[in-house]
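Novice: Provided herewith is a single structure, encoded as structure tokens, for subsequent inquiry.
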Amino acid sequence: MDPALRTQVENLQKRSGHTLEELFGVLEGTGLEKHGQLRDHLKAELGMGHGDANTVVTLFRKRGEAPASDDPLDAIYVGPKEALRPIHEAVMARVDALGSFEIAPKKAYVSLRRKKQFAMVGPATKTQVEIGLNAKELEGSARLKEQKPGGMCQYKVRLSDPSEVDDELVAWLKTAFEAAG
């Protein structure tokens with residue numbers, strides 16, 4: 001718990017005369033499920049202020065959740081897409097060997113950048129990872145799909161298995177890497 005929240009919880013416990021655990025017990029006994037209903041119950045039954053009641057309900061509902069991870073891939077490769085992470089890691093192992101670059105996490109993928117973005121890697125579906133490549137020197141093929149002008153990437157390739165991270169893909173990645181400066 002961060003220091004500001006800890007102070008707020010200490011203060012609301014003093015004001016209410018109840019520990020956080022006791023307040024959680026009150027909420028458990030209501031049979032209510034919606035945030036607003038639980039908050040309003042604390043306000044009506046215990047005379048809590050809106051902010052204090054809201055904080056208690058928020059903490060009550062977050063109980064048992066795993067702490068947030070610092071690894072952005074944990075948010076991208078979650079649920080049915082979790083099985084795709086080995087493909088992503090195989091791609092990144094090969095890209096790491098190319099040299100220095102920056103990883104810029106986005107909500108659904110990671111952007112790989114030098115002076116500019118050269119690739120993006122992320123799940124396309126529940127069964128495929130998509131790699132977007134920026135390199136005008138490449139030629140499209142059945143595997144390397146050319147994209148319409150003006151998009152985020154000039155080419156895309158989809159992978160269903162780590163074994164598809166082969167020399168052909170690495171050559172495309174290297175071309176995009178070098179083109180990005």
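Chain labels follow the order of the structure tokens: the first chain is A, the next B, and so on; residue numbering restarts at 1 in every chain, and ligands are counted from 1 in their shown order.
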Using only C-alpha atoms, which residues sit within 10 Å of A:Glu139 once same-chain residues fewer than 6 positions away are excluded, as JSON, numbers by chain?
Specialist: {"A": [145, 146, 155, 172]}
Novice: Please return as a VMD selection string: the residues of stretch 78-158 of chain A that backbone DSSP assigns to alpha helix (DSSP H).
Specialist: chain A and resid 85 to 96
Novice: Would you save the residues from that selection as a PDB file, in the first residue's frame, using C-alpha atoms?
Specialist:
```
ATOM      1  CA  ARG A  85       4.346 -15.576 -24.917  1.00  0.00           C
ATOM      2  CA  PRO A  86       7.006 -18.163 -25.888  1.00  0.00           C
ATOM      3  CA  ILE A  87       6.657 -16.977 -29.507  1.00  0.00           C
ATOM      4  CA  HIS A  88       7.162 -13.374 -28.401  1.00  0.00           C
ATOM      5  CA  GLU A  89      10.192 -14.338 -26.327  1.00  0.00           C
ATOM      6  CA  ALA A  90      11.703 -16.272 -29.258  1.00  0.00           C
ATOM      7  CA  VAL A  91      11.303 -13.183 -31.473  1.00  0.00           C
ATOM      8  CA  MET A  92      12.859 -10.924 -28.850  1.00  0.00           C
ATOM      9  CA  ALA A  93      15.817 -13.254 -28.327  1.00  0.00           C
ATOM     10  CA  ARG A  94      16.658 -12.961 -32.023  1.00  0.00           C
ATOM     11  CA  VAL A  95      16.076  -9.173 -32.117  1.00  0.00           C
ATOM     12  CA  ASP A  96      18.305  -8.692 -29.049  1.00  0.00           C
TER      13      ASP A  96
END
```
Novice: Write down as a ChimeraX atom specification the residues of stretch 69-168 of chain A whose backbone DSSP state falls under strand (DSSP E).
Specialist: /A:102-105,110-113,117-123,129-133,145-146,155-159
Novice: If you measure from atom CA of A:Val170 to atom CA of A:Arg143, what distance in Å do you get, rounded to one decimal?
Specialist: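 One can read the atom CA of A:Val170 to atom CA of A:Arg143 distance as 13.3 Å.
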Novice: I'd like the neighbourhood of A:Gly151 as JSON, numbers by chain, where a residue qualifies if any of its atoms comes within 12 Å (using only C-alpha atoms), though same-chain residues fewer than 6 positions away should be ignored.
Specialist: {"A": [132, 133, 134]}
Novice: Output N, CA and C atoms for every residue in that selection, as a CSV table (one decimal), in the first residue's frame.
Specialist:
```csv
chain,number,residue,atom,x,y,z
A,132,GLY,N,4.9,-6.5,-37.0
A,132,GLY,CA,4.8,-5.5,-38.0
A,132,GLY,C,6.2,-5.0,-38.3
A,133,LEU,N,6.6,-4.8,-39.5
A,133,LEU,CA,7.9,-4.4,-39.9
A,133,LEU,C,7.9,-3.1,-40.7
A,134,ASN,N,8.8,-2.2,-40.5
A,134,ASN,CA,9.0,-1.0,-41.3
A,134,ASN,C,10.3,-1.1,-42.0
```
Novice: Name the residues in contact with A:Met152 at a cut-off of 12 Å, using only C-alpha atoms, excluding same-chain residues fewer than 3 positions from it; report them as a PyMOL selection string.
Specialist: chain A and resi 111+116-120+131-135+146-149+155-156
Novice: Which distance in Å separates atom CA of A:Gly51 and atom CA of A:Leu38, to one decimal?
Specialist: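 Computing it gives 12.8 Å between the two atoms.
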Novice: Quick one: residues within 10 Å of A:Leu73, only C-alpha atoms, excluding same-chain residues fewer than 6 positions away - as a ChimeraX atom specification?
Specialist: /A:82,85,88-89,105-110,122
Novice: Could you write those residues out with N, CA and C atoms, as a tab-separated table (two decimals), in the first residue's frame?
Specialist:
```
chain	number	residue	atom	x	y	z
A	82	GLU	N	-1.93	-16.05	-23.24
A	82	GLU	CA	-0.75	-16.40	-22.44
A	82	GLU	C	0.13	-17.44	-23.14
A	85	ARG	N	3.15	-16.26	-25.43
A	85	ARG	CA	4.35	-15.58	-24.92
A	85	ARG	C	5.65	-16.24	-25.35
A	88	HIS	N	6.66	-14.73	-28.60
A	88	HIS	CA	7.16	-13.37	-28.40
A	88	HIS	C	8.61	-13.42	-27.89
A	89	GLU	N	8.85	-14.25	-26.91
A	89	GLU	CA	10.19	-14.34	-26.33
A	89	GLU	C	11.21	-14.86	-27.34
A	105	PRO	N	6.50	-0.22	-24.62
A	105	PRO	CA	5.26	-0.98	-24.45
A	105	PRO	C	4.03	-0.15	-24.77
A	106	LYS	N	3.10	-0.77	-25.45
A	106	LYS	CA	1.79	-0.19	-25.72
A	106	LYS	C	0.76	-1.08	-25.04
A	107	LYS	N	-0.51	-0.78	-25.21
A	107	LYS	CA	-1.54	-1.57	-24.53
A	107	LYS	C	-1.59	-3.01	-25.02
A	108	ALA	N	-1.46	-3.23	-26.33
A	108	ALA	CA	-1.65	-4.57	-26.88
A	108	ALA	C	-0.42	-5.13	-27.59
A	109	TYR	N	0.69	-4.40	-27.58
A	109	TYR	CA	1.91	-4.86	-28.25
A	109	TYR	C	3.09	-4.06	-27.73
A	110	VAL	N	4.29	-4.42	-28.17
A	110	VAL	CA	5.46	-3.61	-27.87
A	110	VAL	C	6.03	-3.06	-29.17
A	122	GLY	N	3.20	-8.35	-31.02
A	122	GLY	CA	2.11	-8.55	-30.09
A	122	GLY	C	1.13	-9.57	-30.61
```
Novice: Just how far from atom CA of A:Glu164 is atom CA of A:Glu102, in Å to one decimal?
Specialist: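 Between atom CA of A:Glu102 and atom CA of A:Glu164 the gap is 23.6 Å.
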Novice: From the options A:Leu84, A:Val26, A:Leu173, A:Leu20, which residue's atoms come nearest to A:Thr127, counting only C-alpha atoms?
Specialist: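 Result for the nearest residue to A:Thr127: A:Leu84.
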Novice: Taking into account only C-alpha atoms, which residue in the set A:Cys153, A:Ala75, A:Ala124, A:Ala97 is nearest to A:Ala171?
Specialist: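 Residue with the minimum atom-to-atom distance to A:Ala171: A:Ala97.
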Novice: Point out the residue among A:Leu59, A:His41, A:Asp52, A:Val157 with the least atom-to-atom distance to A:Asn11, counting only C-alpha atoms.
Specialist: A:Asp52
Novice: Have a look at A:Thr55, A:Asp166, A:Gly181, A:Ala83 and name the one nearest to A:Arg6; count only C-alpha atoms.
Specialist: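 Ranked by minimum distance to A:Arg6, first place goes to A:Thr55.
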Novice: From the options A:Asp71, A:Glu130, A:Glu178, A:Glu45, which residue's atoms come nearest to A:Leu159, counting only C-alpha atoms?
Specialist: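 When distances to A:Leu159 are compared using only C-alpha atoms, the smallest one comes from A:Glu130.
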Novice: Counting only C-alpha atoms, figure out which residue out of A:Arg61, A:Arg15, A:His50, A:Arg114 gets nearest to A:Glu28.
Specialist: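 With only C-alpha atoms as the atom set, the closest residue is A:Arg61.
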